[in-house]
$ cat entry20.cif   # mmCIF, C-alpha atoms and all ligand atoms
data_model
loop_
_atom_site.label_atom_id
_atom_site.label_comp_id
_atom_site.auth_asym_id
_atom_site.auth_seq_id
_atom_site.Cartn_x
_atom_site.Cartn_y
_atom_site.Cartn_z
CA MET A 23 -34.86 -16.86 -36.90
CA LYS A 24 -33.97 -16.18 -33.30
CA PRO A 25 -35.36 -13.05 -31.63
CA PHE A 26 -33.36 -9.83 -31.93
CA ARG A 27 -34.02 -6.14 -31.37
CA HIS A 28 -34.63 -4.11 -34.53
CA ILE A 29 -33.65 -0.46 -34.20
CA ASN A 30 -34.27 2.17 -36.85
CA ALA A 31 -31.31 4.57 -36.75
CA THR A 32 -31.99 8.14 -37.81
CA THR A 33 -28.39 9.40 -37.96
CA ILE A 34 -25.03 7.80 -38.70
CA ASP A 35 -23.69 9.03 -35.34
CA GLY A 36 -26.66 7.40 -33.63
CA ALA A 37 -26.05 4.12 -35.50
CA ALA A 38 -22.35 4.24 -34.55
CA SER A 39 -23.21 4.86 -30.87
CA LEU A 40 -25.53 1.86 -30.91
CA LEU A 41 -22.78 -0.31 -32.42
CA ALA A 42 -20.44 0.83 -29.65
CA GLU A 43 -23.10 0.27 -26.98
CA TYR A 44 -23.73 -3.30 -28.11
CA LYS A 45 -19.97 -4.10 -28.06
CA GLY A 46 -19.92 -6.33 -31.14
CA LYS A 47 -23.32 -7.91 -30.41
CA ALA A 48 -25.22 -5.80 -32.97
CA LYS A 49 -25.08 -5.76 -36.77
CA LEU A 50 -25.77 -2.95 -39.17
CA MET A 51 -28.45 -3.67 -41.74
CA ALA A 52 -28.85 -1.89 -45.08
CA GLY A 53 -30.79 -3.79 -47.79
CA GLY A 54 -30.59 -6.97 -45.71
CA THR A 55 -30.06 -9.20 -48.77
CA ASP A 56 -26.93 -10.77 -47.32
CA LEU A 57 -27.43 -10.32 -43.60
CA LEU A 58 -30.96 -11.71 -43.27
CA GLY A 59 -29.96 -14.88 -45.14
CA GLU A 60 -27.09 -15.31 -42.69
CA LEU A 61 -29.46 -14.96 -39.74
CA LYS A 62 -32.03 -17.35 -41.21
CA ASP A 63 -29.38 -19.98 -41.85
CA ARG A 64 -27.59 -19.32 -38.51
CA ILE A 65 -24.27 -18.78 -40.19
CA LEU A 66 -22.66 -16.15 -37.99
CA PRO A 67 -20.61 -17.52 -35.06
CA ALA A 68 -22.67 -15.37 -32.64
CA TYR A 69 -26.30 -14.44 -33.23
CA PRO A 70 -26.65 -10.63 -33.02
CA GLU A 71 -28.74 -9.22 -30.18
CA ALA A 72 -29.78 -6.25 -32.32
CA LEU A 73 -30.01 -5.16 -35.93
CA ILE A 74 -29.41 -1.47 -36.52
CA ASN A 75 -31.31 -0.51 -39.63
CA ILE A 76 -29.56 2.32 -41.45
CA LYS A 77 -32.07 2.57 -44.31
CA THR A 78 -33.92 5.00 -42.07
CA VAL A 79 -30.95 7.40 -42.04
CA PRO A 80 -31.84 10.14 -44.55
CA GLY A 81 -29.43 11.57 -47.13
CA LEU A 82 -27.27 8.54 -47.89
CA GLU A 83 -28.79 7.63 -51.25
CA TYR A 84 -27.34 9.77 -54.04
CA ILE A 85 -25.12 9.76 -57.10
CA ARG A 86 -23.45 13.03 -58.03
CA GLU A 87 -20.28 14.25 -59.72
CA GLU A 88 -18.48 17.23 -58.21
CA GLY A 89 -15.06 18.60 -59.14
CA GLY A 90 -14.18 15.55 -61.23
CA VAL A 91 -15.11 13.11 -58.48
CA LEU A 92 -18.06 10.74 -58.50
CA GLN A 93 -19.73 10.55 -55.08
CA ILE A 94 -22.12 7.74 -54.26
CA GLY A 95 -23.98 7.49 -50.95
CA ALA A 96 -23.59 4.17 -49.15
CA LEU A 97 -27.33 3.46 -49.27
CA THR A 98 -27.56 3.89 -53.04
CA LYS A 99 -29.12 0.82 -54.63
CA ILE A 100 -26.93 -1.23 -56.95
CA GLN A 101 -29.62 -1.00 -59.65
CA ASP A 102 -29.52 2.81 -59.52
CA ILE A 103 -25.75 2.71 -60.04
CA ALA A 104 -26.15 0.36 -63.01
CA ASN A 105 -28.77 2.67 -64.56
CA SER A 106 -27.23 6.05 -63.75
CA GLY A 107 -26.37 8.22 -66.75
CA VAL A 108 -23.51 9.85 -64.82
CA VAL A 109 -22.00 6.48 -63.92
CA LYS A 110 -22.54 5.03 -67.40
CA GLY A 111 -20.89 8.13 -68.87
CA ASN A 112 -17.51 8.59 -67.18
CA TYR A 113 -17.38 5.52 -64.93
CA ALA A 114 -18.77 2.86 -67.25
CA LEU A 115 -16.77 0.12 -65.54
CA LEU A 116 -18.71 0.62 -62.31
CA ALA A 117 -22.06 0.63 -64.12
CA GLN A 118 -21.11 -2.63 -65.88
CA ALA A 119 -20.02 -4.25 -62.60
CA ALA A 120 -23.21 -3.11 -60.84
CA HIS A 121 -25.25 -4.58 -63.69
CA ALA A 122 -23.37 -7.89 -63.29
CA VAL A 123 -24.46 -8.23 -59.64
CA SER A 124 -26.99 -10.98 -58.99
CA SER A 125 -30.57 -10.36 -60.19
CA PRO A 126 -32.81 -7.29 -60.65
CA HIS A 127 -34.54 -8.03 -57.33
CA ILE A 128 -31.31 -8.07 -55.32
CA ARG A 129 -29.90 -5.09 -57.23
CA ARG A 130 -33.04 -3.13 -56.27
CA MET A 131 -32.70 -4.00 -52.58
CA GLY A 132 -28.93 -4.27 -52.13
CA THR A 133 -26.91 -1.13 -51.46
CA LEU A 134 -23.39 -0.17 -52.46
CA GLY A 135 -22.23 -0.17 -48.81
CA GLY A 136 -23.72 -3.63 -48.28
CA ASN A 137 -22.21 -4.95 -51.49
CA LEU A 138 -18.75 -3.90 -50.33
CA CYS A 139 -19.23 -5.21 -46.77
CA GLN A 140 -21.06 -8.48 -47.56
CA ASP A 141 -19.64 -11.70 -46.13
CA VAL A 142 -17.79 -14.28 -48.18
CA ARG A 143 -19.66 -17.05 -49.99
CA CYS A 144 -17.27 -19.86 -49.03
CA TRP A 145 -19.44 -22.94 -48.49
CA TYR A 146 -17.58 -23.87 -45.30
CA PHE A 147 -18.19 -20.39 -43.84
CA ARG A 148 -21.83 -20.47 -45.05
CA ALA A 149 -22.62 -23.99 -43.84
CA SER A 150 -25.86 -23.65 -41.87
CA ALA A 151 -25.92 -24.55 -38.20
CA LEU A 152 -29.46 -25.84 -38.88
CA VAL A 153 -28.19 -28.83 -40.86
CA GLY A 154 -25.22 -30.01 -38.83
CA ASP A 155 -22.20 -28.83 -36.92
CA PRO A 156 -20.95 -25.61 -38.50
CA PHE A 157 -17.34 -25.35 -39.66
CA TYR A 158 -15.52 -23.23 -37.12
CA CYS A 159 -13.19 -21.77 -39.72
CA LEU A 160 -10.53 -19.05 -39.51
CA LYS A 161 -13.08 -16.38 -40.33
CA LYS A 162 -15.17 -17.51 -37.38
CA GLY A 163 -12.19 -17.40 -35.03
CA GLY A 164 -11.14 -21.04 -35.54
CA LYS A 165 -7.75 -22.35 -36.58
CA THR A 166 -8.45 -23.98 -39.95
CA CYS A 167 -9.44 -23.04 -43.46
CA PHE A 168 -11.43 -26.14 -44.36
CA ALA A 169 -11.12 -25.37 -48.07
CA VAL A 170 -7.41 -26.20 -48.06
CA ALA A 171 -7.97 -29.92 -47.60
CA GLY A 172 -11.59 -29.88 -48.72
CA ASP A 173 -13.62 -28.92 -51.79
CA ASN A 174 -11.88 -25.77 -52.96
CA ARG A 175 -13.04 -25.50 -56.55
CA TYR A 176 -14.38 -21.96 -55.98
CA HIS A 177 -11.61 -20.67 -53.76
CA ALA A 178 -8.57 -18.41 -54.17
CA ILE A 179 -5.60 -19.05 -56.41
CA LEU A 180 -3.86 -15.77 -55.60
CA GLY A 181 -3.15 -14.04 -52.29
CA GLY A 182 -4.84 -16.60 -50.01
CA LYS A 183 -3.13 -16.30 -46.64
CA GLY A 184 -4.62 -18.86 -44.29
CA CYS A 185 -8.17 -18.19 -45.53
CA PHE A 186 -8.93 -18.91 -49.18
CA ALA A 187 -12.49 -17.49 -49.36
CA LEU A 188 -13.03 -14.96 -52.14
CA CYS A 189 -14.07 -11.34 -52.04
CA PRO A 190 -17.58 -11.77 -53.50
CA SER A 191 -18.30 -8.16 -54.50
CA ASP A 192 -18.41 -7.27 -58.20
CA THR A 193 -18.52 -3.54 -57.51
CA ALA A 194 -15.33 -3.86 -55.41
CA MET A 195 -13.36 -5.00 -58.48
CA ALA A 196 -14.53 -2.03 -60.54
CA LEU A 197 -13.92 0.41 -57.69
CA ALA A 198 -10.40 -1.00 -57.17
CA ALA A 199 -9.62 -0.54 -60.87
CA LEU A 200 -11.00 3.00 -60.66
CA ASP A 201 -8.90 3.73 -57.55
CA ALA A 202 -11.87 4.67 -55.37
CA THR A 203 -11.86 5.88 -51.78
CA ILE A 204 -14.22 4.55 -49.13
CA VAL A 205 -15.48 7.28 -46.81
CA THR A 206 -16.69 6.30 -43.35
CA ASN A 207 -17.96 8.17 -40.29
CA LYS A 208 -14.33 8.19 -39.07
CA ARG A 209 -11.94 8.48 -42.04
CA ARG A 210 -11.18 8.02 -45.71
CA ILE A 211 -9.84 4.60 -46.71
CA PRO A 212 -8.19 4.03 -50.11
CA ILE A 213 -9.87 0.97 -51.59
CA ALA A 214 -6.51 -0.81 -51.75
CA ASP A 215 -6.49 -0.73 -47.92
CA PHE A 216 -10.16 -1.57 -47.37
CA PHE A 217 -10.21 -5.30 -48.11
CA LYS A 218 -8.15 -7.67 -45.95
CA VAL A 219 -7.90 -11.44 -46.09
CA LEU A 220 -10.14 -12.15 -43.08
CA HIS A 221 -12.14 -8.95 -42.59
CA ASN A 222 -12.48 -5.52 -44.07
CA ALA A 223 -10.69 -2.55 -42.53
CA LEU A 224 -13.71 -1.22 -40.60
CA VAL A 225 -13.43 -1.02 -36.83
CA ALA A 226 -16.35 -1.91 -34.56
CA ASP A 227 -18.35 1.32 -34.75
CA GLU A 228 -17.32 2.38 -38.24
CA ILE A 229 -19.88 2.80 -41.01
CA VAL A 230 -19.35 3.33 -44.73
CA THR A 231 -21.10 6.56 -45.70
CA GLU A 232 -19.86 7.30 -49.22
CA VAL A 233 -17.71 5.99 -52.05
CA GLN A 234 -15.69 8.47 -54.10
CA VAL A 235 -14.27 7.74 -57.53
CA PRO A 236 -11.84 10.03 -59.35
CA LYS A 237 -12.74 10.60 -62.98
CA PRO A 238 -10.63 8.35 -65.21
CA LYS A 239 -8.68 9.92 -68.08
CA SER A 240 -10.97 10.91 -70.89
CA GLY A 241 -11.07 8.17 -73.53
CA ALA A 242 -9.80 5.47 -71.13
CA LYS A 243 -11.24 2.11 -72.12
CA GLN A 244 -13.19 0.58 -69.23
CA LEU A 245 -14.45 -2.98 -69.16
CA PHE A 246 -15.87 -5.42 -66.59
CA THR A 247 -15.91 -9.06 -67.68
CA LYS A 248 -17.31 -11.82 -65.51
CA PHE A 249 -17.15 -15.55 -66.00
CA GLY A 250 -19.75 -17.38 -63.94
CA LEU A 251 -21.51 -20.71 -64.09
CA ARG A 252 -24.75 -18.89 -64.91
CA LYS A 253 -25.40 -15.57 -66.57
CA ALA A 254 -27.44 -14.19 -63.67
CA LEU A 255 -27.76 -14.71 -59.92
CA ASP A 256 -24.25 -16.02 -59.60
CA PHE A 257 -20.96 -14.92 -58.16
CA ALA A 258 -17.87 -14.63 -60.34
CA VAL A 259 -15.73 -17.69 -60.91
CA VAL A 260 -13.30 -15.14 -62.34
CA SER A 261 -13.83 -11.48 -63.20
CA VAL A 262 -11.58 -8.83 -64.68
CA ALA A 263 -11.95 -5.06 -64.35
CA THR A 264 -9.77 -2.94 -66.64
CA VAL A 265 -9.13 0.76 -67.17
CA ILE A 266 -6.67 1.31 -70.02
CA SER A 267 -5.54 4.61 -71.58
CA VAL A 268 -3.80 4.63 -74.95
CA GLU A 269 -1.77 7.60 -76.17
CA ALA A 270 -0.03 7.78 -79.56
CA GLY A 271 -0.90 4.14 -80.17
CA LYS A 272 0.70 2.84 -76.97
CA VAL A 273 -0.70 2.05 -73.54
CA ALA A 274 0.00 5.02 -71.27
CA GLU A 275 -1.78 3.80 -68.12
CA ALA A 276 -3.45 0.55 -67.13
CA ARG A 277 -5.18 -0.79 -64.06
CA ILE A 278 -6.21 -4.43 -64.13
CA VAL A 279 -8.04 -5.96 -61.16
CA LEU A 280 -9.00 -9.61 -60.85
CA GLY A 281 -12.05 -10.90 -59.00
CA GLY A 282 -13.01 -14.47 -58.08
CA VAL A 283 -9.38 -15.45 -57.59
CA SER A 284 -8.35 -13.88 -54.29
CA PRO A 285 -9.69 -12.87 -50.85
CA ILE A 286 -9.24 -9.25 -51.94
CA PRO A 287 -9.68 -7.43 -55.26
CA PHE A 288 -6.36 -8.51 -56.79
CA ARG A 289 -4.43 -5.83 -58.66
CA ALA A 290 -2.53 -7.59 -61.44
CA ILE A 291 0.42 -5.22 -61.52
CA GLU A 292 2.57 -7.52 -63.63
CA ALA A 293 -0.19 -7.73 -66.25
CA GLU A 294 -0.36 -3.93 -66.26
CA SER A 295 3.43 -3.72 -66.75
CA ALA A 296 3.19 -6.15 -69.65
CA ILE A 297 1.14 -3.66 -71.68
CA ILE A 298 2.24 -0.23 -70.44
CA GLY A 299 4.41 1.40 -73.11
CA ASN A 300 3.41 -1.20 -75.68
CA VAL A 301 1.02 -1.39 -78.58
CA ILE A 302 -1.98 -3.57 -77.83
CA ASN A 303 -1.92 -6.67 -79.99
CA GLU A 304 -2.42 -10.42 -79.67
CA ALA A 305 1.11 -10.93 -78.33
CA THR A 306 1.06 -8.20 -75.66
CA ALA A 307 -2.46 -9.16 -74.55
CA GLU A 308 -1.40 -12.78 -74.26
CA ALA A 309 1.71 -11.79 -72.30
CA ALA A 310 -0.47 -9.76 -69.92
CA GLY A 311 -2.78 -12.76 -69.40
CA ALA A 312 0.19 -14.94 -68.50
CA ALA A 313 1.65 -12.26 -66.21
CA ALA A 314 -1.68 -11.94 -64.35
CA VAL A 315 -1.39 -15.50 -63.04
CA LYS A 316 2.38 -15.67 -62.72
CA HIS A 317 2.16 -16.04 -58.93
CA ALA A 318 -0.95 -18.22 -58.82
CA THR A 319 -0.77 -21.09 -56.33
CA PRO A 320 -3.92 -23.10 -56.98
CA LEU A 321 -5.39 -25.49 -54.44
CA SER A 322 -6.21 -29.11 -55.33
CA ASN A 323 -9.39 -28.39 -57.34
CA ASN A 324 -9.12 -24.90 -58.75
CA ALA A 325 -6.18 -24.81 -61.19
CA TYR A 326 -8.81 -24.44 -63.96
CA LYS A 327 -9.15 -20.79 -62.88
CA ILE A 328 -5.67 -20.04 -64.19
CA GLN A 329 -6.64 -20.56 -67.83
CA ILE A 330 -9.93 -18.69 -67.39
CA THR A 331 -8.08 -15.73 -65.85
CA LYS A 332 -5.48 -15.67 -68.62
CA THR A 333 -8.17 -15.74 -71.28
CA LEU A 334 -10.37 -13.08 -69.66
CA VAL A 335 -7.42 -10.71 -69.22
CA LYS A 336 -6.35 -11.22 -72.83
CA ARG A 337 -9.89 -10.71 -74.13
CA ALA A 338 -10.44 -7.62 -71.97
CA ILE A 339 -7.26 -6.02 -73.32
CA LEU A 340 -8.06 -6.87 -76.94
CA SER A 341 -11.71 -5.84 -76.78
C1 LIG B 401 -28.60 -15.16 -54.64
C2 LIG B 401 -27.60 -14.06 -54.51
C3 LIG B 401 -26.73 -13.80 -55.56
C4 LIG B 401 -25.79 -12.77 -55.45
N1 LIG B 401 -24.93 -12.52 -56.49
C5 LIG B 401 -24.02 -11.54 -56.38
C6 LIG B 401 -23.14 -11.23 -57.44
O1 LIG B 401 -23.17 -11.84 -58.51
N2 LIG B 401 -22.24 -10.22 -57.27
C7 LIG B 401 -22.17 -9.49 -56.10
O2 LIG B 401 -21.35 -8.58 -56.00
N3 LIG B 401 -23.00 -9.77 -55.09
C8 LIG B 401 -23.91 -10.75 -55.21
N4 LIG B 401 -24.76 -11.02 -54.17
C9 LIG B 401 -24.61 -10.29 -52.93
C10 LIG B 401 -25.49 -9.07 -52.90
O3 LIG B 401 -25.01 -8.17 -53.85
C11 LIG B 401 -25.38 -8.51 -51.51
O4 LIG B 401 -26.23 -9.31 -50.73
C12 LIG B 401 -25.82 -7.07 -51.40
O5 LIG B 401 -25.02 -6.27 -52.20
C13 LIG B 401 -25.68 -6.62 -49.96
O6 LIG B 401 -26.24 -5.33 -49.85
P1 LIG B 401 -27.30 -5.02 -48.68
O7 LIG B 401 -27.51 -3.57 -48.71
O8 LIG B 401 -28.49 -5.90 -48.84
O9 LIG B 401 -26.43 -5.46 -47.44
P2 LIG B 401 -26.89 -6.08 -46.04
O10 LIG B 401 -27.31 -7.50 -46.21
O11 LIG B 401 -27.83 -5.16 -45.35
O12 LIG B 401 -25.48 -6.03 -45.28
C14 LIG B 401 -24.42 -6.86 -45.68
C15 LIG B 401 -23.25 -6.65 -44.69
O13 LIG B 401 -22.71 -5.35 -44.86
C16 LIG B 401 -22.79 -4.60 -43.63
N5 LIG B 401 -23.12 -3.24 -44.04
C17 LIG B 401 -24.15 -2.85 -44.82
N6 LIG B 401 -24.08 -1.53 -45.06
C18 LIG B 401 -22.98 -1.08 -44.41
C19 LIG B 401 -22.38 0.21 -44.28
N7 LIG B 401 -22.88 1.29 -44.87
N8 LIG B 401 -21.24 0.31 -43.53
C20 LIG B 401 -20.70 -0.79 -42.95
N9 LIG B 401 -21.24 -2.03 -43.04
C21 LIG B 401 -22.35 -2.17 -43.76
C22 LIG B 401 -23.86 -5.30 -42.80
O14 LIG B 401 -23.64 -5.13 -41.42
C23 LIG B 401 -23.69 -6.74 -43.24
O15 LIG B 401 -22.62 -7.34 -42.51
C24 LIG B 401 -25.72 -12.01 -54.27
C25 LIG B 401 -26.61 -12.27 -53.21
C26 LIG B 401 -27.54 -13.28 -53.33
C27 LIG B 401 -28.47 -13.51 -52.18
#
$ encode --input "entry20.cif" --output "C-alpha cells"
Amino acid sequence: MKPFRHINATTIDGAASLLAEYKGKAKLMAGGTDLLGELKDRILPAYPEALINIKTVPGLEYIREEGGVLQIGALTKIQDIANSGVVKGNYALLAQAAHAVSSPHIRRMGTLGGNLCQDVRCWYFRASALVGDPFYCLKKGGKTCFAVAGDNRYHAILGGKGCFALCPSDTAMALAALDATIVTNKRRIPIADFFKVLHNALVADEIVTEVQVPKPKSGAKQLFTKFGLRKALDFAVVSVATVISVEAGKVAEARIVLGGVSPIPFRAIEAESAIIGNVINEATAEAAGAAAVKHATPLSNNAYKIQITKTLVKRAILS
C-alpha cells in the first residue's frame, strides 16, 4: 500500500469537516472490507491522502424499533442485522439479505453503511494497477464502459445507462423492497433516490448515519432469494427481494426489487402490477416473471440472466 494518514474521528461532524478539509482526497473507512482491498490493489483513480476511520465514533451501532420504524445505526455489523430478533421478526427480508452477504468473517467486520456505499465489482473497474494499465472507465472519469464491447457476463441487463456495473449490495435490495430511508448528517434520502448509475447520492462531506425502515403490513410475505455461482462469498448473479401482502385471497400490495441485473436496485413495477389484485397461482407468478424482464436489453454475454430473473421472480411469488 502507499502511505496515507489514518485519522480516528470521534464525531460525525468532525469526520465531515475532515472530508471537507481534504477536498475529495480523503476516504471514510468503516469496516474496511471493501476500501482496504481497493487500496491494496490500487483500484481507485486517485490514491487517498487520508483515511478517516469512523469506527471510533461512538453511538452509531444499534438496532431498535420505535413508533413502527426500525432504526439501524450505520456502523451496525451486517452479522448483527442477520442475527437480530427484531429484524428477523418484522423485517425478515432484511435479515435474510444480511445473511446472504459474503462470509461470516466479512459480515462480522462489514457495516450496513459500508455495505450500501461499497464500490461496484465490475472487473474493468476493479482491474489492479499493479498488474497492468488500469481501465479508465466511466466510473473513473473516463469516456468508456469497457463491458459494452468486452466480457459482460456479469453486467446489467436493465437500466444500464453508459455504465453497466451492478449495484453489489444485497442489503440494498431488501431495503429498497422495504421502502427504507437513508439518514445522513445532512438530510433524509428515500432509498429510491440514493443509488445512481455512476455514484450514490452522497455529496463530498456527507456521511450515512442511520437507516430507517417502516414496518411492513402485518402478515406480509417477505423473501430474499439470491442466485450466485457459489453459496457463500459471492455476489448475486441475480437476486429478488419481495414484500407481498394478500387480503381476501388476492394480492393487495407488492414490492419486487431485482438485484444483480442493474446499476441500481431495480424496482420491477410491471411485475408488481401483474400480481396486484390477482390470486397468486402458477399463471400469475409466471406472468410477473415475464413482466420483470420486459424491458431487459442484455449485452452480448448476459442474456442468460433473463431466464434466471424470470424463474427467481416466479419462485419468490409462489413460495
Ligand atoms: C470476498 C467478498 C465477498 C463479498 N460478497 C458480498 C455479497 O455477497 N453481498 C454483498 O452485499 N456484499 C458483499 N461483499 C461486500 C462487503 O459486504 C462489503 O465489503 C462491506 O459491506 C463493506 O462494509 P465496510 O463497513 O467494511 O465498508 P468499508 O470498506 O469501510 O467502506 C466501503 C465504502 O463505503 C464508504 N462508507 C463506509 N461507511 C460509510 C458511511 N457511513 N457513510 C458514507 N460512506 C461510507 C467508504 O468510504 C468506502 O467507500 C463482499 C466483499 C468481499 C471482500
$ residues_around --input "entry20.cif" --residues "A:Ala120" --least-positions-apart "4" --cutoff "10 Å" --atoms "only C-alpha atoms" --output "list in words"
Lys99, Ile100, Gln101, Asp102, Ile103, Ala104, Asn105, Ala114, Leu115, Leu116, Ser124, Arg129, Leu134, Asn137, Ser191, Asp192, Thr193, Ala194, Ala196 and Phe246 of chain A
$ residues_around --input "entry20.cif" --residues "A:Arg27" --least-positions-apart "6" --cutoff "9 Å" --atoms "only C-alpha atoms" --output "list in words"
Ala48, Pro70, Glu71, Ala72, Leu73 and Ile74 of chain A
$ closest_atom_pairs --input "entry20.cif" --of "chain A" --to "ligand LIG 401 (chain B)" --cutoff "6 Å" --atoms "only C-alpha atoms and all ligand atoms" --output "tab-separated table"
residue	atom	partner	partner_atom	distance
A:Lys49	CA	B:LIG401	O14	4.9
A:Leu50	CA	B:LIG401	O14	3.8
A:Met51	CA	B:LIG401	O11	4.0
A:Ala52	CA	B:LIG401	O11	3.4
A:Gly53	CA	B:LIG401	O8	3.3
A:Gly54	CA	B:LIG401	O11	3.3
A:Thr55	CA	B:LIG401	O8	3.7
A:Asp56	CA	B:LIG401	O10	3.5
A:Leu57	CA	B:LIG401	O10	3.8
A:Ala96	CA	B:LIG401	N7	5.2
A:Val123	CA	B:LIG401	N2	3.8
A:Ser124	CA	B:LIG401	N1	3.6
A:Met131	CA	B:LIG401	O8	5.9
A:Gly132	CA	B:LIG401	O6	3.7
A:Thr133	CA	B:LIG401	O7	3.7
A:Gly135	CA	B:LIG401	N7	4.3
A:Gly136	CA	B:LIG401	O9	3.4
A:Asn137	CA	B:LIG401	O5	3.2
A:Cys139	CA	B:LIG401	O13	4.0
A:Gln140	CA	B:LIG401	C15	4.0
A:Pro190	CA	B:LIG401	O2	5.5
A:Ser191	CA	B:LIG401	O2	3.4
A:Asp192	CA	B:LIG401	O2	3.9
A:Thr193	CA	B:LIG401	O2	6.0
A:Ile229	CA	B:LIG401	N8	3.8
A:Val230	CA	B:LIG401	N8	3.8
A:Thr231	CA	B:LIG401	N7	5.6
A:Leu255	CA	B:LIG401	C3	4.6
A:Asp256	CA	B:LIG401	O1	4.5
A:Phe257	CA	B:LIG401	O1	3.8
$ residues_near_point --input "entry20.cif" --point "(-24.3, -20.3, -45.9)" --cutoff "9 Å" --atoms "all atoms listed in the file" --output "JSON, numbers by chain"
{"A": [59, 60, 63, 64, 65, 143, 144, 145, 146, 147, 148, 149, 150, 151]}
$ residues_around --input "entry20.cif" --residues "A:Ala296" --least-positions-apart "2" --cutoff "7 Å" --atoms "only C-alpha atoms" --output "ChimeraX atom specification"
/A:292-294,298,306,309-310
$ closest_residue --input "entry20.cif" --among "A:Gln234, A:Asn174, A:Thr264, A:Thr166" --to "A:Ala119" --atoms "all atoms listed in the file"
A:Thr264
$ atom_distance --input "entry20.cif" --atom1 "atom CA of A:Tyr69" --atom2 "atom CA of A:Lys162"
12.3 Å
$ residues_near_point --input "entry20.cif" --point "(-10.1, -17.4, -70.1)" --cutoff "12 Å" --atoms "only C-alpha atoms" --output "list in words"
Thr247, Lys248, Phe249, Gly250, Val259, Val260, Ser261, Val262, Glu308, Gly311, Ala312, Ala314, Val315, Tyr326, Lys327, Ile328, Gln329, Ile330, Thr331, Lys332, Thr333, Leu334, Val335, Lys336, Arg337 and Ala338 of chain A
$ atom_distance --input "entry20.cif" --atom1 "atom CA of A:Val225" --atom2 "atom CA of A:Arg289"
24.1 Å
$ closest_residue --input "entry20.cif" --among "A:Thr78, A:Ser341, A:Asn303, A:Gln244" --to "A:Gln118" --atoms "all atoms listed in the file"
A:Gln244
$ decode --input "entry20.cif" --residues "stretch 318-323 of chain A" --atoms "all heavy atoms" --output "PDB file, in the first residue's frame"
ATOM      1  N   ALA A 318     -35.736  -5.710 -20.516  1.00  0.00           N
ATOM      2  CA  ALA A 318     -34.313  -6.085 -20.452  1.00  0.00           C
ATOM      3  C   ALA A 318     -33.649  -5.886 -21.810  1.00  0.00           C
ATOM      4  O   ALA A 318     -34.218  -6.224 -22.850  1.00  0.00           O
ATOM      5  CB  ALA A 318     -34.188  -7.546 -20.012  1.00  0.00           C
ATOM      6  N   THR A 319     -32.436  -5.316 -21.770  1.00  0.00           N
ATOM      7  CA  THR A 319     -31.646  -5.179 -23.007  1.00  0.00           C
ATOM      8  C   THR A 319     -30.271  -5.773 -22.710  1.00  0.00           C
ATOM      9  O   THR A 319     -29.338  -5.054 -22.345  1.00  0.00           O
ATOM     10  CB  THR A 319     -31.497  -3.699 -23.438  1.00  0.00           C
ATOM     11  OG1 THR A 319     -31.099  -2.949 -22.282  1.00  0.00           O
ATOM     12  CG2 THR A 319     -32.785  -3.130 -23.978  1.00  0.00           C
ATOM     13  N   PRO A 320     -30.168  -7.089 -22.837  1.00  0.00           N
ATOM     14  CA  PRO A 320     -28.906  -7.733 -22.458  1.00  0.00           C
ATOM     15  C   PRO A 320     -27.745  -7.324 -23.366  1.00  0.00           C
ATOM     16  O   PRO A 320     -27.956  -6.926 -24.512  1.00  0.00           O
ATOM     17  CB  PRO A 320     -29.216  -9.227 -22.609  1.00  0.00           C
ATOM     18  CG  PRO A 320     -30.401  -9.301 -23.500  1.00  0.00           C
ATOM     19  CD  PRO A 320     -31.177  -8.042 -23.309  1.00  0.00           C
ATOM     20  N   LEU A 321     -26.547  -7.431 -22.816  1.00  0.00           N
ATOM     21  CA  LEU A 321     -25.337  -7.201 -23.601  1.00  0.00           C
ATOM     22  C   LEU A 321     -24.978  -8.534 -24.287  1.00  0.00           C
ATOM     23  O   LEU A 321     -25.750  -9.500 -24.221  1.00  0.00           O
ATOM     24  CB  LEU A 321     -24.216  -6.710 -22.674  1.00  0.00           C
ATOM     25  CG  LEU A 321     -24.530  -5.378 -21.959  1.00  0.00           C
ATOM     26  CD1 LEU A 321     -23.546  -5.125 -20.816  1.00  0.00           C
ATOM     27  CD2 LEU A 321     -24.496  -4.206 -22.943  1.00  0.00           C
ATOM     28  N   SER A 322     -23.802  -8.596 -24.902  1.00  0.00           N
ATOM     29  CA  SER A 322     -23.505  -9.769 -25.740  1.00  0.00           C
ATOM     30  C   SER A 322     -23.440 -11.089 -24.977  1.00  0.00           C
ATOM     31  O   SER A 322     -23.736 -12.146 -25.524  1.00  0.00           O
ATOM     32  CB  SER A 322     -22.186  -9.535 -26.483  1.00  0.00           C
ATOM     33  OG  SER A 322     -21.186  -9.173 -25.550  1.00  0.00           O
ATOM     34  N   ASN A 323     -23.051 -11.039 -23.674  1.00  0.00           N
ATOM     35  CA  ASN A 323     -22.830 -12.310 -22.959  1.00  0.00           C
ATOM     36  C   ASN A 323     -23.731 -12.527 -21.753  1.00  0.00           C
ATOM     37  O   ASN A 323     -23.448 -13.407 -20.919  1.00  0.00           O
ATOM     38  CB  ASN A 323     -21.382 -12.362 -22.424  1.00  0.00           C
ATOM     39  CG  ASN A 323     -20.368 -12.339 -23.531  1.00  0.00           C
ATOM     40  OD1 ASN A 323     -20.460 -13.111 -24.471  1.00  0.00           O
ATOM     41  ND2 ASN A 323     -19.409 -11.438 -23.438  1.00  0.00           N
TER      42      ASN A 323
END
